Each structure stands twice: as C-alpha cells, then as structure tokens.
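The file start.csv contains CSV, C-alpha atoms and all ligand atoms:
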```
chain,number,residue,atom,x,y,z
A,1,MET,CA,-53.8,-29.8,5.9
A,2,LYS,CA,-56.6,-32.0,4.9
A,3,ARG,CA,-55.5,-35.2,3.2
A,4,ASP,CA,-57.0,-36.2,-0.1
A,5,SER,CA,-58.4,-39.7,-0.4
A,6,GLY,CA,-55.1,-41.1,-1.9
A,7,ILE,CA,-57.1,-43.1,-4.5
A,8,ALA,CA,-55.2,-42.5,-7.8
A,9,LEU,CA,-57.3,-41.4,-10.7
A,10,VAL,CA,-55.1,-43.3,-13.1
A,11,ASP,CA,-56.9,-46.4,-14.4
A,12,ARG,CA,-54.3,-49.1,-15.1
A,13,ASP,CA,-54.7,-52.6,-16.7
A,14,GLU,CA,-53.3,-55.8,-15.2
A,15,ASP,CA,-49.9,-55.0,-16.7
A,16,GLY,CA,-49.9,-51.5,-15.1
A,17,VAL,CA,-50.5,-49.7,-18.4
A,18,ASP,CA,-52.3,-46.4,-18.1
A,19,ARG,CA,-55.5,-47.2,-20.2
A,20,ALA,CA,-56.3,-43.5,-21.1
A,21,PHE,CA,-52.7,-43.0,-22.3
A,22,ARG,CA,-52.8,-46.1,-24.5
A,23,ALA,CA,-56.3,-45.2,-25.9
A,24,ASP,CA,-55.2,-41.6,-26.7
A,25,VAL,CA,-52.0,-42.6,-28.3
A,26,LEU,CA,-53.5,-45.4,-30.5
A,27,LYS,CA,-56.5,-43.3,-31.5
A,28,GLY,CA,-54.1,-40.4,-32.3
A,29,LEU,CA,-51.7,-42.5,-34.4
A,30,ARG,CA,-54.6,-44.0,-36.4
A,31,GLN,CA,-55.7,-40.6,-37.7
A,32,ARG,CA,-54.7,-39.2,-41.0
A,33,GLN,CA,-53.0,-36.3,-39.3
A,34,LYS,CA,-51.4,-38.1,-36.4
A,35,ALA,CA,-51.9,-36.2,-33.1
A,36,ILE,CA,-51.4,-37.0,-29.4
A,37,PRO,CA,-52.8,-34.8,-26.7
A,38,ALA,CA,-50.2,-32.5,-25.0
A,39,ARG,CA,-51.2,-33.6,-21.5
A,40,TRP,CA,-49.2,-36.8,-22.0
A,41,PHE,CA,-45.9,-34.8,-22.0
A,42,TYR,CA,-46.0,-34.6,-18.3
A,43,ASP,CA,-44.5,-37.8,-16.8
A,44,GLU,CA,-41.7,-37.3,-14.3
A,45,GLU,CA,-39.1,-36.6,-16.9
A,46,GLY,CA,-41.5,-34.4,-18.9
A,47,SER,CA,-42.3,-32.3,-15.9
A,48,ARG,CA,-38.6,-31.9,-15.2
A,49,LEU,CA,-37.9,-30.8,-18.8
A,50,PHE,CA,-40.8,-28.3,-18.6
A,51,GLU,CA,-39.2,-26.9,-15.5
A,52,ALA,CA,-36.0,-26.5,-17.4
A,53,ILE,CA,-37.9,-24.8,-20.3
A,54,THR,CA,-39.2,-22.2,-17.9
A,55,GLN,CA,-35.5,-21.2,-17.1
A,56,LEU,CA,-34.5,-20.8,-20.8
A,57,GLU,CA,-33.6,-17.4,-22.1
A,58,GLU,CA,-35.9,-17.9,-25.1
A,59,TYR,CA,-38.9,-19.0,-23.1
A,60,TYR,CA,-40.3,-15.7,-21.9
A,61,PRO,CA,-43.9,-16.6,-20.6
A,62,THR,CA,-42.9,-17.8,-17.1
A,63,ARG,CA,-40.7,-14.8,-16.5
A,64,ALA,CA,-43.2,-12.3,-17.9
A,65,GLU,CA,-46.1,-13.7,-15.9
A,66,THR,CA,-44.1,-13.8,-12.7
A,67,GLU,CA,-43.1,-10.1,-13.3
A,68,ILE,CA,-46.8,-9.2,-13.5
A,69,LEU,CA,-47.7,-11.1,-10.4
A,70,GLU,CA,-44.8,-9.5,-8.5
A,71,ALA,CA,-45.6,-6.0,-9.6
A,72,ARG,CA,-49.4,-6.0,-9.2
A,73,GLY,CA,-50.0,-7.4,-5.8
A,74,LYS,CA,-51.5,-4.1,-4.4
A,75,GLU,CA,-54.0,-4.0,-7.3
A,76,PHE,CA,-54.9,-7.6,-6.8
A,77,ALA,CA,-55.6,-6.9,-3.1
A,78,GLU,CA,-57.8,-4.0,-4.0
A,79,LEU,CA,-59.8,-5.6,-6.7
A,80,ILE,CA,-60.1,-9.1,-5.2
A,81,GLY,CA,-60.2,-8.3,-1.5
A,82,PRO,CA,-59.3,-10.6,1.4
A,83,GLY,CA,-61.1,-13.8,2.6
A,84,ARG,CA,-61.6,-15.7,-0.7
A,85,ALA,CA,-60.8,-19.3,-1.3
A,86,VAL,CA,-58.2,-19.5,-4.0
A,87,VAL,CA,-58.9,-22.4,-6.3
A,88,GLU,CA,-56.0,-23.2,-8.5
A,89,PHE,CA,-56.6,-25.2,-11.7
A,90,GLY,CA,-53.4,-27.4,-12.0
A,91,SER,CA,-50.9,-27.7,-9.2
A,92,GLY,CA,-49.3,-24.5,-8.1
A,93,SER,CA,-45.8,-23.9,-9.2
A,94,SER,CA,-43.4,-23.0,-6.5
A,95,VAL,CA,-43.1,-19.4,-7.6
A,96,LYS,CA,-46.3,-18.0,-8.9
A,97,THR,CA,-48.9,-19.1,-6.3
A,98,PRO,CA,-47.2,-17.6,-3.3
A,99,LEU,CA,-47.0,-14.3,-5.0
A,100,LEU,CA,-50.8,-14.3,-5.3
A,101,LEU,CA,-51.5,-15.7,-1.9
A,102,ARG,CA,-49.2,-13.2,-0.2
A,103,ALA,CA,-50.9,-10.3,-2.1
A,104,ILE,CA,-54.6,-11.0,-1.3
A,105,ASP,CA,-54.8,-12.5,2.2
A,106,PRO,CA,-57.1,-15.5,1.2
A,107,ALA,CA,-59.1,-17.6,3.7
A,108,ALA,CA,-58.2,-21.0,2.0
A,109,TYR,CA,-56.2,-22.5,-0.8
A,110,VAL,CA,-57.6,-25.3,-2.9
A,111,PRO,CA,-55.2,-26.8,-5.5
A,112,LEU,CA,-56.9,-29.1,-8.0
A,113,ASP,CA,-54.8,-31.5,-10.0
A,114,ILE,CA,-55.3,-34.8,-11.8
A,115,SER,CA,-51.9,-36.0,-10.5
A,116,GLY,CA,-52.0,-36.8,-6.8
A,117,ASP,CA,-48.2,-36.7,-6.6
A,118,PHE,CA,-47.8,-33.2,-7.8
A,119,LEU,CA,-50.7,-32.2,-5.8
A,120,ARG,CA,-49.3,-33.5,-2.5
A,121,GLU,CA,-45.9,-31.9,-3.2
A,122,SER,CA,-47.2,-28.4,-4.0
A,123,ALA,CA,-49.9,-28.5,-1.2
A,124,ALA,CA,-47.2,-29.4,1.3
A,125,GLY,CA,-44.9,-26.7,0.1
A,126,LEU,CA,-47.6,-24.1,0.2
A,127,ALA,CA,-48.8,-25.2,3.7
A,128,GLU,CA,-45.3,-24.7,5.0
A,129,LYS,CA,-44.9,-21.2,3.5
A,130,PHE,CA,-48.3,-20.1,4.8
A,131,PRO,CA,-48.7,-21.7,8.2
A,132,GLY,CA,-52.1,-20.1,9.0
A,133,LEU,CA,-53.7,-20.9,5.7
A,134,PRO,CA,-56.0,-23.9,5.4
A,135,VAL,CA,-54.9,-25.9,2.3
A,136,HIS,CA,-57.4,-28.4,0.9
A,137,PRO,CA,-55.9,-30.3,-2.1
A,138,VAL,CA,-58.4,-32.1,-4.4
A,139,GLU,CA,-57.3,-34.8,-6.8
A,140,ALA,CA,-59.6,-34.2,-9.8
A,141,ASP,CA,-59.9,-33.7,-13.5
A,142,PHE,CA,-60.8,-30.0,-13.7
A,143,MET,CA,-62.0,-30.3,-17.2
A,144,ARG,CA,-65.2,-31.3,-15.5
A,145,ARG,CA,-67.2,-29.7,-12.7
A,146,VAL,CA,-65.4,-30.4,-9.4
A,147,THR,CA,-67.1,-30.6,-6.0
A,148,LEU,CA,-65.1,-28.4,-3.6
A,149,PRO,CA,-64.4,-29.4,0.0
A,150,GLU,CA,-67.3,-28.4,2.3
A,151,GLU,CA,-65.0,-26.2,4.4
A,152,VAL,CA,-64.7,-23.7,1.6
A,153,GLU,CA,-68.3,-23.8,0.5
A,154,PRO,CA,-69.3,-20.6,2.4
A,155,LEU,CA,-66.3,-18.7,1.1
A,156,LYS,CA,-66.2,-16.5,-2.0
A,157,LYS,CA,-64.0,-18.0,-4.7
A,158,LEU,CA,-61.1,-16.9,-6.8
A,159,GLY,CA,-60.1,-19.2,-9.6
A,160,PHE,CA,-56.4,-19.1,-10.5
A,161,PHE,CA,-55.2,-20.5,-13.9
A,162,PRO,CA,-51.7,-19.1,-14.7
A,163,GLY,CA,-49.2,-20.1,-17.3
A,164,SER,CA,-51.4,-19.7,-20.4
A,165,THR,CA,-52.3,-23.3,-20.0
A,166,ILE,CA,-55.6,-22.3,-21.6
A,167,GLY,CA,-53.6,-21.8,-24.8
A,168,ASN,CA,-53.0,-25.6,-25.0
A,169,MET,CA,-56.7,-26.1,-25.8
A,170,VAL,CA,-58.5,-25.4,-29.1
A,171,PRO,CA,-61.1,-22.6,-28.6
A,172,ARG,CA,-64.0,-25.1,-28.4
A,173,THR,CA,-62.3,-27.0,-25.5
A,174,ALA,CA,-61.1,-23.8,-23.8
A,175,VAL,CA,-64.8,-22.6,-23.7
A,176,ASP,CA,-65.8,-26.0,-22.2
A,177,LEU,CA,-63.1,-25.6,-19.5
A,178,LEU,CA,-64.1,-22.0,-18.7
A,179,ARG,CA,-67.7,-23.1,-18.3
A,180,SER,CA,-66.7,-26.0,-16.0
A,181,MET,CA,-64.6,-23.5,-14.0
A,182,ARG,CA,-67.7,-21.3,-13.6
A,183,ALA,CA,-69.7,-24.3,-12.3
A,184,THR,CA,-66.9,-25.5,-10.0
A,185,LEU,CA,-66.6,-22.0,-8.5
A,186,GLY,CA,-70.3,-21.8,-7.8
A,187,ALA,CA,-71.5,-19.2,-10.4
A,188,ASP,CA,-75.3,-19.2,-10.8
A,189,GLU,CA,-75.7,-20.2,-7.2
A,190,GLY,CA,-75.8,-16.7,-5.9
A,191,GLU,CA,-72.0,-16.5,-6.1
A,192,SER,CA,-70.0,-14.1,-8.1
A,193,PRO,CA,-66.7,-15.9,-8.5
A,194,LEU,CA,-63.6,-14.2,-9.9
A,195,LEU,CA,-61.0,-15.7,-12.2
A,196,LEU,CA,-57.3,-14.6,-12.5
A,197,ILE,CA,-56.0,-16.1,-15.7
A,198,GLY,CA,-52.7,-15.9,-17.6
A,199,MET,CA,-52.9,-15.6,-21.4
A,200,ASP,CA,-49.8,-15.3,-23.7
A,201,LEU,CA,-49.9,-12.7,-26.4
A,202,VAL,CA,-49.5,-12.8,-30.2
A,203,LYS,CA,-46.1,-11.4,-31.1
A,204,ASP,CA,-43.4,-11.5,-33.7
A,205,CYS,CA,-43.3,-15.1,-35.0
A,206,ALA,CA,-39.5,-15.4,-34.9
A,207,GLU,CA,-39.7,-14.7,-31.2
A,208,LEU,CA,-42.5,-17.2,-30.7
A,209,GLU,CA,-40.8,-19.9,-32.7
A,210,ALA,CA,-37.5,-19.4,-30.7
A,211,ALA,CA,-39.5,-19.8,-27.4
A,212,TYR,CA,-40.6,-23.3,-28.7
A,213,ASP,CA,-37.3,-24.3,-30.4
A,214,ASP,CA,-34.5,-23.2,-28.1
A,215,ALA,CA,-30.8,-23.3,-29.0
A,216,GLU,CA,-30.0,-25.7,-26.2
A,217,GLY,CA,-32.6,-28.2,-27.5
A,218,VAL,CA,-34.5,-28.5,-24.2
A,219,THR,CA,-37.9,-28.1,-25.9
A,220,ALA,CA,-36.8,-30.7,-28.5
A,221,ALA,CA,-36.0,-33.1,-25.7
A,222,PHE,CA,-39.4,-32.3,-24.1
A,223,ASN,CA,-41.1,-33.2,-27.4
A,224,HIS,CA,-38.9,-36.4,-27.9
A,225,ASN,CA,-39.6,-37.5,-24.3
A,226,LEU,CA,-43.2,-38.3,-25.5
A,227,VAL,CA,-41.7,-40.9,-27.9
A,228,THR,CA,-39.5,-42.3,-25.1
A,229,ARG,CA,-42.5,-42.6,-22.9
A,230,ILE,CA,-44.6,-44.4,-25.6
A,231,ASN,CA,-41.8,-46.8,-26.2
A,232,ARG,CA,-41.3,-47.5,-22.5
A,233,GLU,CA,-45.0,-47.6,-21.3
A,234,LEU,CA,-46.7,-48.9,-24.5
A,235,ASP,CA,-44.2,-51.4,-25.8
A,236,GLY,CA,-43.4,-49.0,-28.6
A,237,THR,CA,-40.7,-49.3,-31.3
A,238,MET,CA,-40.9,-45.7,-32.5
A,239,PRO,CA,-37.5,-44.7,-34.0
A,240,GLU,CA,-36.6,-41.6,-31.9
A,241,GLY,CA,-33.7,-40.7,-34.2
A,242,ALA,CA,-36.1,-40.4,-37.2
A,243,LEU,CA,-38.6,-38.1,-35.5
A,244,GLU,CA,-37.4,-34.5,-35.5
A,245,HIS,CA,-38.8,-31.7,-33.3
A,246,SER,CA,-40.5,-28.9,-35.1
A,247,ALA,CA,-42.2,-25.7,-33.8
A,248,MET,CA,-44.1,-23.5,-36.2
A,249,TRP,CA,-46.4,-20.5,-36.0
A,250,ASN,CA,-49.8,-21.1,-37.6
A,251,ASP,CA,-50.9,-17.6,-38.3
A,252,ALA,CA,-54.5,-18.4,-39.3
A,253,LEU,CA,-55.2,-20.2,-36.1
A,254,ALA,CA,-52.9,-17.9,-34.0
A,255,ARG,CA,-51.0,-20.8,-32.4
A,256,ILE,CA,-47.5,-22.4,-32.1
A,257,GLU,CA,-47.7,-26.0,-33.2
A,258,MET,CA,-45.2,-28.6,-32.1
A,259,HIS,CA,-44.8,-31.6,-34.3
A,260,LEU,CA,-42.5,-34.7,-34.6
A,261,VAL,CA,-41.5,-34.9,-38.2
A,262,ALA,CA,-40.5,-38.2,-39.8
A,263,THR,CA,-37.1,-37.6,-41.4
A,264,ARG,CA,-37.5,-40.8,-43.5
A,265,ASP,CA,-40.2,-43.4,-44.2
A,266,ILE,CA,-40.6,-45.3,-41.0
A,267,ALA,CA,-42.7,-48.2,-39.6
A,268,PHE,CA,-43.2,-49.1,-35.9
A,269,GLU,CA,-45.4,-50.8,-33.4
A,270,VAL,CA,-47.2,-49.4,-30.4
A,271,SER,CA,-49.1,-51.9,-28.1
A,272,GLY,CA,-48.9,-54.5,-30.8
A,273,GLU,CA,-50.5,-52.3,-33.4
A,274,ARG,CA,-48.5,-51.3,-36.6
A,275,PHE,CA,-48.1,-47.8,-37.9
A,276,ALA,CA,-46.2,-46.3,-40.8
A,277,MET,CA,-45.2,-42.7,-41.7
A,278,ARG,CA,-43.9,-41.3,-44.9
A,279,LYS,CA,-40.9,-39.0,-44.8
A,280,GLY,CA,-42.1,-35.5,-43.9
A,281,GLU,CA,-45.3,-36.8,-42.3
A,282,THR,CA,-45.8,-35.5,-38.7
A,283,ILE,CA,-47.3,-36.3,-35.4
A,284,HIS,CA,-48.9,-33.2,-34.0
A,285,THR,CA,-48.0,-33.0,-30.3
A,286,GLU,CA,-49.0,-29.6,-29.0
A,287,ASN,CA,-50.9,-26.3,-29.7
A,288,SER,CA,-50.0,-23.2,-27.8
A,289,HIS,CA,-52.5,-20.5,-28.7
A,290,LYS,CA,-51.6,-16.9,-28.4
A,291,PHE,CA,-54.1,-14.1,-27.9
A,292,THR,CA,-54.7,-10.4,-28.5
A,293,ARG,CA,-56.7,-8.2,-26.2
A,294,ARG,CA,-59.8,-8.8,-28.2
A,295,SER,CA,-59.4,-12.6,-28.8
A,296,ALA,CA,-58.7,-13.1,-25.1
A,297,ASN,CA,-61.8,-11.2,-24.1
A,298,LEU,CA,-63.9,-13.0,-26.7
A,299,LEU,CA,-62.8,-16.4,-25.4
A,300,LEU,CA,-63.5,-15.4,-21.8
A,301,LEU,CA,-66.9,-14.1,-22.7
A,302,ALA,CA,-67.8,-17.2,-24.7
A,303,GLY,CA,-66.9,-19.2,-21.5
A,304,GLY,CA,-69.1,-17.1,-19.3
A,305,TRP,CA,-66.5,-14.7,-17.8
A,306,THR,CA,-66.6,-10.9,-18.1
A,307,PRO,CA,-63.1,-9.4,-18.2
A,308,GLU,CA,-62.7,-6.6,-15.7
A,309,LYS,CA,-59.0,-5.8,-15.7
A,310,ARG,CA,-55.9,-6.7,-17.7
A,311,TRP,CA,-52.2,-6.4,-16.9
A,312,LEU,CA,-49.1,-6.7,-19.1
A,313,ASP,CA,-45.4,-7.1,-18.3
A,314,PRO,CA,-43.2,-4.1,-19.2
A,315,ASP,CA,-42.2,-5.8,-22.6
A,316,GLU,CA,-45.9,-6.4,-23.3
A,317,ARG,CA,-45.4,-10.1,-24.1
A,318,PHE,CA,-47.9,-11.7,-21.7
A,319,SER,CA,-51.2,-10.8,-20.1
A,320,VAL,CA,-52.9,-11.6,-16.8
A,321,ILE,CA,-56.7,-11.0,-16.8
A,322,LEU,CA,-59.1,-10.6,-13.9
A,323,ALA,CA,-62.6,-11.7,-15.0
A,324,ARG,CA,-65.9,-12.1,-13.1
A,325,ALA,CA,-68.5,-14.8,-13.8
A,326,THR,CA,-71.1,-13.3,-16.1
A,327,GLU,CA,-74.6,-13.4,-14.7
A,328,GLN,CA,-77.0,-15.5,-16.7
A,329,ARG,CA,-79.6,-13.3,-18.4
A,330,GLU,CA,-81.6,-13.2,-21.5
A,331,ALA,CA,-80.1,-11.5,-24.5
A,332,PRO,CA,-79.1,-8.8,-25.4
B,401,LIG,C1,-47.3,-25.2,-20.0
B,401,LIG,C2,-48.7,-25.3,-21.8
B,401,LIG,C3,-48.1,-23.2,-21.0
B,401,LIG,O1,-47.5,-24.0,-24.2
B,401,LIG,O2,-46.0,-22.6,-23.5
B,401,LIG,C4,-43.6,-25.1,-23.3
B,401,LIG,C5,-45.9,-25.9,-22.5
B,401,LIG,N1,-44.5,-26.5,-24.5
B,401,LIG,N2,-42.8,-25.4,-24.3
B,401,LIG,C6,-46.7,-23.7,-23.4
B,401,LIG,C7,-44.7,-25.8,-23.4
B,401,LIG,C8,-43.3,-26.3,-25.1
B,401,LIG,C9,-46.4,-24.5,-22.1
B,401,LIG,N3,-47.6,-24.6,-21.3
```

Representation of the structure as structure tokens:
Amino acid sequence: MKRDSGIALVDRDEDGVDRAFRADVLKGLRQRQKAIPARWFYDEEGSRLFEAITQLEEYYPTRAETEILEARGKEFAELIGPGRAVVEFGSGSSVKTPLLLRAIDPAAYVPLDISGDFLRESAAGLAEKFPGLPVHPVEADFMRRVTLPEEVEPLKKLGFFPGSTIGNMVPRTAVDLLRSMRATLGADEGESPLLLIGMDLVKDCAELEAAYDDAEGVTAAFNHNLVTRINRELDGTMPEGALEHSAMWNDALARIEMHLVATRDIAFEVSGERFAMRKGETIHTENSHKFTRRSANLLLLAGGWTPEKRWLDPDERFSVILARATEQREAP
C-alpha cells in the first residue's frame, strides 16, 4: 500500500484550534438565519454517532443502499467491466466498498478523504480484505479537482460516491462537486469515466422525519455533539440544554432540515465573540436533499454526467445510479 504524505490538511493556530472550523462557526453564527456546515459534525464522537445512526431501525438509507449493492453485483460487473481504478469520494465504509470491489474486479482502489485518520483506517482495512489490489489513499478535499497517483493514470476510472452524501449539498454546490469529480476522473482528456452514486428518494414525510429524529435520540445526540464540539474546541458557552434537536421536511426544497432550536432566550460566547438567540430561533445544521428519478437525473446532467442505469431497493426507498461523463459538445 502506498503511504500518503502524512501532512495533515487541517490548519491549526498556535493554540491548536482548527482555523476553518472557527471561521465557519463564527461566520455561521453571525448570520440572520444561523447556520453551520454539516461537515463539522464528524469529529471522533460525531463519526461514532453517525455509525450508530446507520444501525437504527428508522434510518433506512444505509440498509437500503447496501441491499442494492449486494443484489446487483452481476449487473455492475457487466456494465462497468474489470480493470478500472475505483476512486471513492469520502473514505470507504467497512461494508459498502467491499461489495463493489468484489463485484467488478478493479485494477486499483483510490480512497479520497480530507481526514488522514479515516483514510488510513479504511485503506488498511481494504488492503487486508483484497490482498492483490493496489490501494492508493489520497488525503485531499474532493470538492476541488484532485490529482490522482500516477500509478492509476493509465487506468479507466469509476467514481464511487455512496450514502447520498450528495444530498448534504444545495444543488449549486452539488453541481460544482459533480463537475470537480469529472475533472478528477479525467473526463475531457479522452477518458470516459463512470460514476456510481447513491441518491436517497423523496417519500412519505413522516418516514423521512422519523429517519432524522429516531426514538432512541441518537440523531438528537449527533446534532447536539456539534454544540459540545464548539464549546470544547472554540471556548464556547453554548447552553446545550436550551438547544433542542429538530428535523423537518421542507417540501418546496425537497429536503430534510436539521436545526438546533433555542427553547428560551439565550446568550453565549464562542471564541470570545458574543451571540444571542431568541426563543424559537434556530441554528440550521444540516440539509439532506431527497430526489425523484427526474430530479436526480437533472442534477447529474447539470454536473456533466449522463445517467445510464438506475437501481432501487425492493421497498423503493433509495437509488443507486450509474452515470457516464457527458462528452463536451455544442448544443443542442
Ligand atoms: C451521511 C449525509 C448521508 O444526510 O442522511 C444522518 C447524515 N444526518 N442522520 C444523511 C445524517 C442525520 C447522512 N449523510
């Protein structure tokens, strides 16, 4: 296994504070509608809580997507073929990636992640499960174009982006990401890369809200952990007990929104800056967009990917789509 450079991408100040985290939180709390990017959920405890979420009865996406990957291996093999370099955007989970790799007989596996720790863990696990498969982890922010290791340059590429993580982004950002993926995978350089992407589906809103507000309160703990993290890492005094988890379906924008709702008027400090919230005011902490067949296709097309095949789980709750980088040409 090729080692990555080991240089952390996290930029810390002299007190060890993650500068990007502080900048995002302060900027987000200064806004009229307070909002903090969802990527900051995933410290060690947040990642552990998300793992726990994927095991919940109410949280169907992980199970449904895994069912699709388990059932469709033969079709993946036929449509994708052997010998590709699989480039996974975000570190591979222990379950989903092996299902794909086992099905298609790839020539290399390239996990991309911004966190070197997760990257090393998942790369080591995969390398152990697939002894003959070259694994080339790359520590990088995949929202931008990433230069792939030269060993995989001559290989055809398959991008893999499971989990409906694309749903965390507003359409504008999702399109930027899809275009970056195209560039990373070498589209427009004589290549015709493929993308296998998981996209969660629009469904009954009670079912959606339950998936993001489970009876055991694990998702609430996941949302609250952001407050704990801000208080710990950014010298915060946010009153955790006065910020209540809420998950609501926004029908116009086709997304679940998670918020932290102030249950009374509150005032607090973060990194020496003062903030106040009125009772009922919220901090918006996550969007999870849901798609229909048409909205998924339109998003992919806008990002330069032509959908070729779509699979659903038996309960039709989740979709996995195979798309091919659209060739650049003049309209129409
Ligand atoms: C990891 C972004 C796909 O949006 O369903 C789960 C994160 N948030 N429960 C999702 C999440 C609350 C999850 N993604």

Legend entry - Two-atom distance - atom CA of Glu244 of chain A, atom CA of His259 of chain A (Å):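 Separation between atom CA of Glu244 of chain A and atom CA of His259 of chain A: 8.0 Å.
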
Legend entry - atom CA of Glu281 of chain A to atom CA of Glu44 of chain A, distance in Å rounded to a single decimal: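 Atom-to-atom, atom CA of Glu281 of chain A to atom CA of Glu44 of chain A, that is 28.2 Å.
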
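Considering the residues A:Arg32, A:Ala20, A:Phe222, A:Ile80 and counting all atoms listed in the file, Glu51 of chain A has its shortest atom-to-atom contact with A:Phe222.
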
Inset, instruction - Could you jot down the atom C8 of ligand LIG 401 (chain B) to atom CA of Leu260 of chain A separation for me, Å, one decimal place? - result: 12.7 Å

If you take all atoms listed in the file and a cut-off of 6 Å, which residues of chain A touch ligand LIG 401 (chain B), and what are their nearest atom pairs and distances in Å to one decimal, in chain and number order, as JSON lines?
```
{"residue": "A:Gly163", "atom": "CA", "partner": "B:LIG401", "partner_atom": "C3", "distance": 5.0}
{"residue": "A:Ser164", "atom": "CA", "partner": "B:LIG401", "partner_atom": "C3", "distance": 4.8}
{"residue": "A:Thr165", "atom": "CA", "partner": "B:LIG401", "partner_atom": "C3", "distance": 4.3}
{"residue": "A:Asn168", "atom": "CA", "partner": "B:LIG401", "partner_atom": "C2", "distance": 5.4}
{"residue": "A:Tyr212", "atom": "CA", "partner": "B:LIG401", "partner_atom": "N2", "distance": 5.3}
{"residue": "A:Thr219", "atom": "CA", "partner": "B:LIG401", "partner_atom": "C8", "distance": 5.7}
{"residue": "A:Ser288", "atom": "CA", "partner": "B:LIG401", "partner_atom": "O1", "distance": 4.5}
```

Inset, instruction - Show which residues sit within 8 Å of Val138 of chain A, as a list of chain:residue names. Count only C-alpha atoms, and ignore same-chain residues fewer than 5 positions away. - result: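 Using only C-alpha atoms, the neighbours found are A:Asp4, A:Val110, A:Pro111, A:Leu112, A:Asp113, A:Leu119, A:Leu148, A:Pro149.
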
Legend entry - Contacts of segment 314-327 of chain A within 7 Å, all atoms listed in the file, excl. fewer than 5 positions in-chain, as a ChimeraX atom specification: /A:61,64-65,182,187,192-201,304-309

Inset, instruction - Find the residues with any atom within 9 Å of (-64.0, -23.4, -2.0); use all atoms listed in the file and the coordinates as given in the file, and write the answer as a list in words. - result: Arg84, Ala85, Val86, Val87, Ala108, Tyr109, Val110, His136, Thr147, Leu148, Pro149, Glu150, Glu151, Val152, Glu153, Pro154, Leu155, Lys156, Lys157, Leu158, Thr184, Leu185 and Gly186 of chain A

Legend entry - Near-Val95 of chain A list (10 Å; all atoms listed in the file; drop same-chain fewer than 6 positions) as a PyMOL selection string: chain A and resi 62+66+69

Inset, instruction - With all atoms listed in the file counted, which protein, DNA or RNA residues have an atom no more than 12 Å from (-39.9, -21.2, -15.9) in the file frame? Please answer as a ChimeraX atom specification. - result: /A:47-67,93-96,163,211

Inset, instruction - Name the closest residue to Gly28 of chain A among the candidates A:Asp214, A:Asn223, A:Asp265, A:Trp40; distances are taken between atoms, counting only C-alpha atoms. - result: A:Trp40

Legend entry - Nearest candidate to Leu312 of chain A (options A:Arg72, A:Lys34, A:Lys203, A:His289; using only C-alpha atoms): A:Arg72

Inset, instruction - Please provide the set of residues having any atom within 12 Å of Ile283 of chain A, restricted to all atoms listed in the file, with same-chain residues fewer than 2 positions apart removed, written as a ChimeraX atom specification. - result: /A:25,28-38,223-224,226-227,238,243-247,257-263,275-281,285-286

Inset, instruction - Would you list the contacts of Gly303 of chain A as a PyMOL selection string, taking every protein, DNA or RNA residue within 6 Å and counting only C-alpha atoms, but skipping same-chain residues closer than 5 positions in sequence? - result: chain A and resi 175+178-179

Inset, instruction - Tell me which of A:Val202, A:Val135, A:Leu9, A:Val170 sits closest to Arg293 of chain A, counting only C-alpha atoms. - result: A:Val202

Legend entry - Pick from A:Glu70, A:Asp235, A:Glu240, A:Asp251, whichever lies nearest to Arg274 of chain A using all atoms listed in the file: A:Asp235

Inset, instruction - For each of A:Gly46, A:Leu79, A:Lys27, A:Arg39, take the minimum atom-to-atom distance to Val218 of chain A, counting all atoms listed in the file, then give the residue where this is smallest. - result: A:Gly46
